[in-house]
Amino acid sequence: MDGTEESSTPVRPQARTGQTEDTRLALYGGSPVRHAPWPTYDKGAVFVHPEDEEAAMRAVRSHLYFRYDHRAQHETECGALEEELRRYFGSRHALAVSSGTAALALAIMAAGIPPGSLVACPGFTFVATPSAIVLAGCTPLLVEVDENLHMDLDDLRRRWTPEIKAILVVHMRGFAADMEALTRFAAEMGVPVIEDAVPALGAELRGRKLGTFGLAGAFSTQSDKSLNCGEGGFLVTDDSVLFARAVVLSGAYEGRFRRHFPDGDPPIGTDLDLPLLSFRMDEIRAALLRSELERLPVRLERFRANYSYVAAALAGVPGIEIRQPVAPGAYLGEAFIFRVPGGDAEWFARALRHEGIDARNLGSDEDVNVRVFWNWRFMFGGLTAEQVRALLPATTRHLREAVDVPLSSSLSPADCDQLVRAVRKVAEAAHPAAGPPAEALAVPESGLPAGAHAGPAPGTAGTAGPRPVSDTVPDTVPPAGASAVPDGGTAGVVRAGRR
């Protein structure tokens with residue numbers, strides 16, 4: 001076996017006798033750790049405040065919803081948002097658009113990547129990544145990820161072909177890719193790097209914001225992102241030609257692209273050489289985002305504090321391995337991912353859900369998760385899921401082992417403590433011989449589980465994580481080795497590595 005399909009199903013822990021109501025898993029009839037819904041964006045746990053609502057209403061009351069009306073660029077909500085984003089990222093240009101997918105596709109097209117080219121991307125990403133490549137007229141070439149779910153540079157090198165004209169790097173679930181190594185390799189190959197920073201708005205790698213390492217960076221402002229206007233996105237770049245082309249492609253017609261260059265002539269002479277795709281952002285969403293941007297540092301701090309606390313409290317728990325960043329602190333903190341090596345991650349996630357924690361086994365056969373490559377059927381023609389999984393065996397294995405828990409910025413200290421307690425409870429049931437004593441599962445109001453050692457958070461010095469931040473800003477929280485080239489006009493490619 002190559003690791004793609006397990007030779008046997010992992011043995012799932014069974015209910016044990018002699019347990020108390022508190023230690024027996026809720027999966028087997030015990031009391032759950034929590035009863036209230038786990039806070040997530042789709043239940044209304046969003047970082048939106050009265051000032052943000054008023055900003056959106058200001059735009060509504062203006063009756064000026066189109067960004068390219070009679071006003072000057074700097075007088076519009078979209079123009080002001082772009083200027084504020086440009087300053088925030090330290091980039092020469094920013095362009096607000098209709099979605100993160102649109103931003104990615106615009107970056108590829110505006111970079112001049114020839115239609116039909118291969119664009120490399122990881123096998124673990126949201127389906128919008130390969131979809132944007134297809135939208136731009138190119139073909140995704142999938143690359144393995146390593147055990148920490150980062151793009152595997154060695155595998156990219158093995159699969160390299162001159163047909164690859166760009167590398168689309170993804171900071172998946174808020175964790176930075178190894179941009180220094182990937183940009184060096186891209187320079188060696190003579191191709192641009194485009195960053196899919198959609199999952200990582202505001203995160204940094206060694207003091208530099210993700211999305212600013214490559215030729216262009218694409219972001220989303222969909223409801224679960226660091227900035228939320230329901231649907232939306234933007235791109236940032238220092239390349240003026242790419243920016244001008246993206247502006248035209250996004251929908252600046254009849255010379256309106258010139259408004260984006262108030263201090264001089266644009267680097268392209270006309271907008272008639274490019275199609276108009278109508279990927280514009282409107283004024284209402286831009287106004288909402290401008291207001292939210294003022295409190296973005298507060299939200300980012302909440303993400304980091306919650307993540308650091310949970311990761312420190314669960315470091316060293318037998319049977320799980322917490323995802324590690326490529327550098328200290330190089331993550332957003334909006335998702336807690338760990339692997340269950342040699343165990344049954346699907347069972348583990350199900351047990352957590354019974355304890356009241358939203359959890360997902362990324363590679364589950366019981367889920368239609370569109371973050372795993374074998375569910376991107378539009379890329380693979382008539383291949384079966386088993387055949388597709390065989391194309392990226394390492395990625396398949398890592399996703400099969402991974403459990404993903406969303407961490408809203410609205411989580412309270414009590415929420416974080418309940419997550420810690422639930423993971424410990426399930427891990428102890430899965431590994432009773434090596435697990436903590438029952439008393440370690442009790443989480444006091446003031447901190448870590450009694451008797452638990454607060455090991456370092458991933459990528460931090462050896463200190464326990466801080467307590468999650470308290471409610472200094474009110475949130476809106478809801479109530480309780482193969483080679484396959486698909487046939488027949490399909491869009492995807494996975495190639496065997498060259499040794």
# chains A, B, ... in the order shown; residues from 1 in each chain; ligands from 1
call {"tool": "select_by_dssp", "arguments": {"residues": "segment 305-416 of chain A", "states": "helix (DSSP H, G or I)", "output": "compact mmCIF listing (two decimals) with all heavy atoms, in the first residue's frame"}}
result
# COMPACT_ATOMS: atom_id res chain seq x y z
N ALA A 305 -4.59 35.40 20.47
CA ALA A 305 -4.66 35.06 21.88
C ALA A 305 -5.41 33.75 22.10
O ALA A 305 -4.97 32.89 22.87
CB ALA A 305 -5.33 36.20 22.65
N ASN A 306 -6.53 33.59 21.41
CA ASN A 306 -7.29 32.34 21.55
C ASN A 306 -6.49 31.14 21.06
O ASN A 306 -6.42 30.10 21.73
CB ASN A 306 -8.61 32.44 20.77
CG ASN A 306 -9.60 33.39 21.40
OD1 ASN A 306 -9.51 33.72 22.57
ND2 ASN A 306 -10.56 33.85 20.60
N TYR A 307 -5.88 31.29 19.88
CA TYR A 307 -5.12 30.18 19.33
C TYR A 307 -3.93 29.82 20.22
O TYR A 307 -3.69 28.64 20.52
CB TYR A 307 -4.62 30.50 17.92
CG TYR A 307 -3.93 29.33 17.29
CD1 TYR A 307 -4.64 28.42 16.51
CD2 TYR A 307 -2.58 29.09 17.51
CE1 TYR A 307 -4.01 27.31 15.96
CE2 TYR A 307 -1.94 27.99 16.97
CZ TYR A 307 -2.66 27.10 16.20
OH TYR A 307 -2.04 26.00 15.69
N SER A 308 -3.19 30.83 20.66
CA SER A 308 -2.00 30.57 21.48
C SER A 308 -2.37 29.86 22.77
O SER A 308 -1.67 28.94 23.23
CB SER A 308 -1.27 31.88 21.78
OG SER A 308 -0.79 32.48 20.60
N TYR A 309 -3.47 30.28 23.36
CA TYR A 309 -3.90 29.66 24.62
C TYR A 309 -4.29 28.21 24.41
O TYR A 309 -3.86 27.32 25.15
CB TYR A 309 -5.08 30.45 25.19
CG TYR A 309 -5.67 29.83 26.43
CD1 TYR A 309 -4.96 29.84 27.63
CD2 TYR A 309 -6.92 29.22 26.40
CE1 TYR A 309 -5.50 29.25 28.76
CE2 TYR A 309 -7.46 28.64 27.53
CZ TYR A 309 -6.75 28.65 28.71
OH TYR A 309 -7.28 28.08 29.83
N VAL A 310 -5.10 27.94 23.40
CA VAL A 310 -5.55 26.57 23.14
C VAL A 310 -4.36 25.67 22.78
O VAL A 310 -4.22 24.55 23.28
CB VAL A 310 -6.61 26.55 22.02
CG1 VAL A 310 -6.90 25.14 21.56
CG2 VAL A 310 -7.90 27.23 22.51
N ALA A 311 -3.49 26.16 21.89
CA ALA A 311 -2.35 25.35 21.46
C ALA A 311 -1.40 25.05 22.61
O ALA A 311 -0.87 23.94 22.72
CB ALA A 311 -1.61 26.06 20.33
N ALA A 312 -1.18 26.04 23.49
CA ALA A 312 -0.30 25.81 24.63
C ALA A 312 -0.92 24.79 25.58
O ALA A 312 -0.22 23.91 26.11
CB ALA A 312 -0.05 27.12 25.36
N ALA A 313 -2.21 24.89 25.81
CA ALA A 313 -2.88 23.98 26.74
C ALA A 313 -2.92 22.55 26.23
O ALA A 313 -3.00 21.61 27.02
CB ALA A 313 -4.30 24.48 27.02
N LEU A 314 -2.88 22.36 24.91
CA LEU A 314 -2.99 21.02 24.34
C LEU A 314 -1.65 20.47 23.84
O LEU A 314 -1.60 19.35 23.32
CB LEU A 314 -4.00 21.03 23.19
CG LEU A 314 -5.45 21.27 23.63
CD1 LEU A 314 -6.37 21.41 22.42
CD2 LEU A 314 -5.94 20.15 24.54
N ALA A 345 -9.07 9.81 12.89
CA ALA A 345 -9.40 11.23 13.00
C ALA A 345 -10.89 11.47 12.76
O ALA A 345 -11.46 12.43 13.30
CB ALA A 345 -8.56 12.04 12.01
N GLU A 346 -11.51 10.63 11.94
CA GLU A 346 -12.95 10.79 11.69
C GLU A 346 -13.74 10.54 12.98
O GLU A 346 -14.66 11.28 13.31
CB GLU A 346 -13.38 9.82 10.59
CG GLU A 346 -14.79 10.04 10.09
CD GLU A 346 -15.10 9.18 8.89
OE1 GLU A 346 -14.72 9.59 7.77
OE2 GLU A 346 -15.68 8.09 9.08
N TRP A 347 -13.37 9.48 13.69
CA TRP A 347 -14.00 9.20 14.98
C TRP A 347 -13.72 10.32 15.97
O TRP A 347 -14.60 10.75 16.73
CB TRP A 347 -13.48 7.87 15.54
CG TRP A 347 -13.95 7.59 16.94
CD1 TRP A 347 -15.10 6.96 17.31
CD2 TRP A 347 -13.28 7.97 18.15
NE1 TRP A 347 -15.19 6.92 18.68
CE2 TRP A 347 -14.09 7.54 19.23
CE3 TRP A 347 -12.08 8.63 18.43
CZ2 TRP A 347 -13.73 7.74 20.56
CZ3 TRP A 347 -11.73 8.84 19.77
CH2 TRP A 347 -12.55 8.40 20.81
N PHE A 348 -12.47 10.82 15.99
CA PHE A 348 -12.09 11.88 16.92
C PHE A 348 -12.94 13.12 16.69
O PHE A 348 -13.46 13.73 17.65
CB PHE A 348 -10.60 12.20 16.73
CG PHE A 348 -9.94 12.83 17.92
CD1 PHE A 348 -8.94 12.16 18.60
CD2 PHE A 348 -10.30 14.09 18.36
CE1 PHE A 348 -8.32 12.73 19.70
CE2 PHE A 348 -9.68 14.69 19.46
CZ PHE A 348 -8.69 13.99 20.13
N ALA A 349 -13.12 13.51 15.43
CA ALA A 349 -13.93 14.69 15.12
C ALA A 349 -15.38 14.47 15.52
O ALA A 349 -16.04 15.37 16.04
CB ALA A 349 -13.82 15.03 13.64
N ARG A 350 -15.89 13.26 15.26
CA ARG A 350 -17.28 12.98 15.63
C ARG A 350 -17.46 13.05 17.14
O ARG A 350 -18.45 13.59 17.65
CB ARG A 350 -17.70 11.59 15.12
CG ARG A 350 -19.17 11.28 15.40
CD ARG A 350 -19.56 9.89 14.96
NE ARG A 350 -19.32 9.68 13.53
CZ ARG A 350 -18.43 8.84 13.04
NH1 ARG A 350 -17.70 8.11 13.86
NH2 ARG A 350 -18.27 8.72 11.74
N ALA A 351 -16.49 12.51 17.88
CA ALA A 351 -16.57 12.56 19.34
C ALA A 351 -16.55 14.01 19.84
O ALA A 351 -17.27 14.37 20.78
CB ALA A 351 -15.42 11.76 19.95
N LEU A 352 -15.73 14.86 19.21
CA LEU A 352 -15.71 16.27 19.60
C LEU A 352 -17.05 16.94 19.33
O LEU A 352 -17.52 17.76 20.12
CB LEU A 352 -14.59 17.01 18.86
CG LEU A 352 -13.17 16.80 19.37
CD1 LEU A 352 -12.18 17.56 18.48
CD2 LEU A 352 -13.03 17.27 20.82
N ARG A 353 -17.66 16.62 18.20
CA ARG A 353 -18.96 17.22 17.91
C ARG A 353 -20.00 16.82 18.95
O ARG A 353 -20.83 17.64 19.35
CB ARG A 353 -19.42 16.81 16.50
CG ARG A 353 -18.59 17.43 15.38
CD ARG A 353 -19.27 17.29 14.03
NE ARG A 353 -19.45 15.92 13.62
CZ ARG A 353 -18.56 15.20 12.95
NH1 ARG A 353 -17.38 15.73 12.64
NH2 ARG A 353 -18.83 13.96 12.56
N HIS A 354 -19.95 15.59 19.42
CA HIS A 354 -20.86 15.17 20.47
C HIS A 354 -20.58 15.90 21.78
O HIS A 354 -21.49 16.05 22.61
CB HIS A 354 -20.77 13.66 20.69
CG HIS A 354 -21.59 12.86 19.72
ND1 HIS A 354 -21.19 12.63 18.42
CD2 HIS A 354 -22.80 12.25 19.84
CE1 HIS A 354 -22.10 11.91 17.79
NE2 HIS A 354 -23.09 11.66 18.63
N PHE A 373 -8.73 17.68 -2.46
CA PHE A 373 -8.63 17.67 -3.92
C PHE A 373 -9.49 16.61 -4.58
O PHE A 373 -9.91 16.76 -5.73
CB PHE A 373 -7.17 17.55 -4.36
CG PHE A 373 -6.54 16.22 -4.02
CD1 PHE A 373 -6.50 15.20 -4.94
CD2 PHE A 373 -5.97 16.01 -2.76
CE1 PHE A 373 -5.92 13.98 -4.63
CE2 PHE A 373 -5.39 14.79 -2.44
CZ PHE A 373 -5.36 13.77 -3.38
N TRP A 374 -9.75 15.49 -3.89
CA TRP A 374 -10.52 14.44 -4.56
C TRP A 374 -12.00 14.78 -4.71
O TRP A 374 -12.73 14.08 -5.40
CB TRP A 374 -10.33 13.10 -3.86
CG TRP A 374 -10.70 13.04 -2.40
CD1 TRP A 374 -11.95 12.83 -1.88
CD2 TRP A 374 -9.81 13.15 -1.29
NE1 TRP A 374 -11.89 12.81 -0.51
CE2 TRP A 374 -10.58 13.00 -0.12
CE3 TRP A 374 -8.43 13.36 -1.17
CZ2 TRP A 374 -10.03 13.06 1.16
CZ3 TRP A 374 -7.88 13.41 0.10
CH2 TRP A 374 -8.66 13.27 1.25
N ASN A 375 -12.42 15.87 -4.09
CA ASN A 375 -13.79 16.34 -4.31
C ASN A 375 -13.89 17.40 -5.40
O ASN A 375 -14.97 17.94 -5.63
CB ASN A 375 -14.38 16.87 -3.00
CG ASN A 375 -14.78 15.75 -2.05
OD1 ASN A 375 -15.13 14.66 -2.50
ND2 ASN A 375 -14.71 16.00 -0.75
N ARG A 377 -14.21 17.29 -8.65
CA ARG A 377 -14.47 16.36 -9.75
C ARG A 377 -14.33 17.02 -11.13
O ARG A 377 -14.04 16.35 -12.11
CB ARG A 377 -15.87 15.76 -9.59
CG ARG A 377 -16.02 14.88 -8.36
CD ARG A 377 -17.42 14.32 -8.25
NE ARG A 377 -17.60 13.57 -7.01
CZ ARG A 377 -18.77 13.07 -6.62
NH1 ARG A 377 -19.85 13.23 -7.37
NH2 ARG A 377 -18.85 12.39 -5.49
N PHE A 378 -14.56 18.33 -11.19
CA PHE A 378 -14.46 19.02 -12.49
C PHE A 378 -13.05 18.93 -13.07
O PHE A 378 -12.86 19.16 -14.27
CB PHE A 378 -14.86 20.49 -12.33
CG PHE A 378 -13.95 21.31 -11.46
CD1 PHE A 378 -12.88 22.00 -11.99
CD2 PHE A 378 -14.16 21.38 -10.09
CE1 PHE A 378 -12.03 22.76 -11.19
CE2 PHE A 378 -13.32 22.15 -9.27
CZ PHE A 378 -12.26 22.84 -9.82
N MET A 379 -12.07 18.56 -12.25
CA MET A 379 -10.70 18.47 -12.72
C MET A 379 -10.32 17.10 -13.25
O MET A 379 -9.30 16.96 -13.94
CB MET A 379 -9.73 18.83 -11.59
CG MET A 379 -9.69 20.30 -11.23
SD MET A 379 -8.49 20.65 -9.92
CE MET A 379 -6.98 19.99 -10.62
N ALA A 385 -12.92 8.57 -7.01
CA ALA A 385 -12.26 9.25 -5.89
C ALA A 385 -11.01 8.50 -5.46
O ALA A 385 -9.99 9.12 -5.13
CB ALA A 385 -13.25 9.38 -4.72
N GLU A 386 -11.06 7.18 -5.48
CA GLU A 386 -9.89 6.39 -5.10
C GLU A 386 -8.74 6.64 -6.08
O GLU A 386 -7.57 6.78 -5.66
CB GLU A 386 -10.25 4.91 -5.07
CG GLU A 386 -9.09 4.01 -4.64
CD GLU A 386 -9.49 2.55 -4.54
OE1 GLU A 386 -10.68 2.25 -4.74
OE2 GLU A 386 -8.60 1.72 -4.28
N GLN A 387 -9.03 6.71 -7.36
CA GLN A 387 -7.98 6.98 -8.35
C GLN A 387 -7.41 8.37 -8.17
O GLN A 387 -6.20 8.59 -8.32
CB GLN A 387 -8.56 6.81 -9.76
CG GLN A 387 -8.87 5.38 -10.15
CD GLN A 387 -9.63 5.29 -11.46
OE1 GLN A 387 -10.49 6.13 -11.76
NE2 GLN A 387 -9.33 4.26 -12.25
N VAL A 388 -8.27 9.34 -7.86
CA VAL A 388 -7.78 10.70 -7.66
C VAL A 388 -6.91 10.79 -6.41
O VAL A 388 -5.85 11.41 -6.42
CB VAL A 388 -8.97 11.68 -7.57
CG1 VAL A 388 -8.48 13.08 -7.22
CG2 VAL A 388 -9.74 11.72 -8.88
N ARG A 389 -7.32 10.14 -5.33
CA ARG A 389 -6.52 10.18 -4.10
C ARG A 389 -5.14 9.59 -4.33
O ARG A 389 -4.15 10.02 -3.72
CB ARG A 389 -7.25 9.44 -2.98
CG ARG A 389 -8.39 10.22 -2.35
CD ARG A 389 -8.89 9.57 -1.08
NE ARG A 389 -9.65 8.37 -1.33
CZ ARG A 389 -10.97 8.32 -1.47
NH1 ARG A 389 -11.68 9.44 -1.38
NH2 ARG A 389 -11.59 7.18 -1.69
N PRO A 393 -0.67 10.85 -2.80
CA PRO A 393 -0.82 9.95 -1.64
C PRO A 393 -0.45 10.58 -0.31
O PRO A 393 -1.09 10.30 0.70
CB PRO A 393 0.10 8.78 -1.99
CG PRO A 393 1.06 9.31 -3.01
CD PRO A 393 0.30 10.34 -3.78
N ALA A 394 0.58 11.42 -0.29
CA ALA A 394 0.98 12.03 0.98
C ALA A 394 -0.09 13.00 1.48
O ALA A 394 -0.47 13.01 2.65
CB ALA A 394 2.31 12.75 0.83
N THR A 395 -0.60 13.83 0.57
CA THR A 395 -1.66 14.77 0.94
C THR A 395 -2.88 14.02 1.44
O THR A 395 -3.51 14.40 2.44
CB THR A 395 -2.02 15.65 -0.26
OG1 THR A 395 -0.86 16.37 -0.69
CG2 THR A 395 -3.13 16.63 0.08
N THR A 396 -3.23 12.94 0.75
CA THR A 396 -4.37 12.12 1.18
C THR A 396 -4.17 11.62 2.60
O THR A 396 -5.07 11.73 3.45
CB THR A 396 -4.55 10.93 0.24
OG1 THR A 396 -4.87 11.41 -1.07
CG2 THR A 396 -5.65 10.01 0.72
N ARG A 397 -3.01 11.11 2.88
CA ARG A 397 -2.72 10.57 4.22
C ARG A 397 -2.82 11.65 5.29
O ARG A 397 -3.44 11.45 6.34
CB ARG A 397 -1.33 9.93 4.23
CG ARG A 397 -0.96 9.28 5.55
CD ARG A 397 0.33 8.49 5.42
NE ARG A 397 1.48 9.32 5.07
CZ ARG A 397 2.05 9.38 3.87
NH1 ARG A 397 1.54 8.67 2.88
NH2 ARG A 397 3.09 10.14 3.65
N HIS A 398 -2.23 12.82 5.01
CA HIS A 398 -2.25 13.90 6.01
C HIS A 398 -3.66 14.41 6.26
O HIS A 398 -4.03 14.72 7.41
CB HIS A 398 -1.34 15.04 5.56
CG HIS A 398 0.09 14.64 5.35
ND1 HIS A 398 0.73 13.73 6.16
CD2 HIS A 398 1.01 15.04 4.42
CE1 HIS A 398 1.98 13.57 5.74
NE2 HIS A 398 2.17 14.35 4.70
N LEU A 399 -4.47 14.53 5.20
CA LEU A 399 -5.84 15.01 5.37
C LEU A 399 -6.71 13.98 6.07
O LEU A 399 -7.61 14.34 6.84
CB LEU A 399 -6.43 15.39 4.02
CG LEU A 399 -5.79 16.58 3.32
CD1 LEU A 399 -6.38 16.79 1.93
CD2 LEU A 399 -5.95 17.86 4.15
N ARG A 400 -6.44 12.69 5.83
CA ARG A 400 -7.16 11.64 6.53
C ARG A 400 -6.93 11.72 8.05
O ARG A 400 -7.80 11.38 8.84
CB ARG A 400 -6.69 10.27 6.04
CG ARG A 400 -7.03 9.94 4.60
CD ARG A 400 -8.49 9.63 4.43
NE ARG A 400 -8.75 8.74 3.30
CZ ARG A 400 -9.93 8.59 2.76
NH1 ARG A 400 -10.96 9.30 3.21
NH2 ARG A 400 -10.12 7.77 1.75
N GLU A 401 -5.76 12.19 8.43
CA GLU A 401 -5.38 12.24 9.84
C GLU A 401 -5.76 13.54 10.54
O GLU A 401 -5.61 13.66 11.75
CB GLU A 401 -3.87 12.05 9.99
CG GLU A 401 -3.34 10.69 9.56
CD GLU A 401 -1.83 10.59 9.68
OE1 GLU A 401 -1.15 11.65 9.74
OE2 GLU A 401 -1.33 9.46 9.73
N PRO A 413 -12.99 33.16 27.10
CA PRO A 413 -12.10 32.25 27.84
C PRO A 413 -12.78 30.94 28.18
O PRO A 413 -12.17 29.88 28.11
CB PRO A 413 -11.73 33.06 29.08
CG PRO A 413 -11.81 34.48 28.64
CD PRO A 413 -12.98 34.52 27.70
N ALA A 414 -14.06 30.98 28.54
CA ALA A 414 -14.78 29.74 28.87
C ALA A 414 -14.91 28.84 27.65
O ALA A 414 -14.78 27.61 27.75
CB ALA A 414 -16.16 30.08 29.43
N ASP A 415 -15.16 29.43 26.47
CA ASP A 415 -15.21 28.65 25.24
C ASP A 415 -13.89 27.93 25.00
O ASP A 415 -13.86 26.74 24.67
CB ASP A 415 -15.52 29.54 24.04
CG ASP A 415 -16.92 30.14 24.06
OD1 ASP A 415 -17.84 29.49 24.56
OD2 ASP A 415 -17.06 31.27 23.56
N CYS A 416 -12.80 28.65 25.13
CA CYS A 416 -11.47 28.06 24.90
C CYS A 416 -11.20 26.95 25.91
O CYS A 416 -10.65 25.89 25.55
CB CYS A 416 -10.40 29.14 24.98
SG CYS A 416 -10.47 30.36 23.66
call {"tool": "residues_around", "arguments": {"residues": "segment 186-195 of chain A", "least_positions_apart": "2", "cutoff": "10 Å", "atoms": "only C-alpha atoms", "output": "ChimeraX atom specification"}}
result
/A:104,107-108,111,113,119-121,157,160-162,164-171,177,179,181-184,197-198,210-219,235-237
call {"tool": "atom_distance", "arguments": {"atom1": "atom CA of Pro341 of chain A", "atom2": "atom CA of Ala128 of chain A"}}
result
28.4 Å
call {"tool": "closest_residue", "arguments": {"among": "A:Asp196, A:Asp154, A:Asp22, A:Asp69", "to": "Thr125 of chain A", "atoms": "only C-alpha atoms"}}
result
A:Asp196
call {"tool": "atom_distance", "arguments": {"atom1": "atom CA of Gly79 of chain A", "atom2": "atom CA of Met172 of chain A"}}
result
28.7 Å
call {"tool": "closest_residue", "arguments": {"among": "A:Arg92, A:Arg58, A:His49, A:Arg71", "to": "Leu242 of chain A", "atoms": "only C-alpha atoms"}}
result
A:Arg92
call {"tool": "select_by_dssp", "arguments": {"residues": "segment 9-209 of chain A", "states": "strand (DSSP E or B)", "output": "ChimeraX atom specification"}}
result
/A:46,93-97,118-122,124,139-143,145,151,164-170,175,193-196,204-205,208-209
call {"tool": "residues_around", "arguments": {"residues": "Leu153 of chain A", "least_positions_apart": "2", "cutoff": "9 Å", "atoms": "only C-alpha atoms", "output": "MDAnalysis selection string"}}
result
chainID A and resid 143:145 150:151 155:158 178 181:182 185
call {"tool": "closest_residue", "arguments": {"among": "A:Glu147, A:Asp273, A:Glu283, A:Asp367", "to": "Gly232 of chain A", "atoms": "only C-alpha atoms"}}
result
A:Glu283
call {"tool": "closest_residue", "arguments": {"among": "A:Arg280, A:Arg290, A:Arg206, A:His93", "to": "Ala80 of chain A", "atoms": "only C-alpha atoms"}}
result
A:Arg290
call {"tool": "atom_distance", "arguments": {"atom1": "atom CA of Ile337 of chain A", "atom2": "atom CA of Pro325 of chain A"}}
result
11.1 Å
call {"tool": "residues_around", "arguments": {"residues": "Leu276 of chain A", "least_positions_apart": "6", "cutoff": "8 Å", "atoms": "only C-alpha atoms", "output": "ChimeraX atom specification"}}
result
/A:248-253
call {"tool": "residues_around", "arguments": {"residues": "Ser31 of chain A", "least_positions_apart": "6", "cutoff": "8 Å", "atoms": "only C-alpha atoms", "output": "PyMOL selection string"}}
result
chain A and resi 21-22+24-25+355
call {"tool": "closest_residue", "arguments": {"among": "A:Ala200, A:Ala132, A:Leu118, A:Leu227", "to": "Thr101 of chain A", "atoms": "only C-alpha atoms"}}
result
A:Ala132
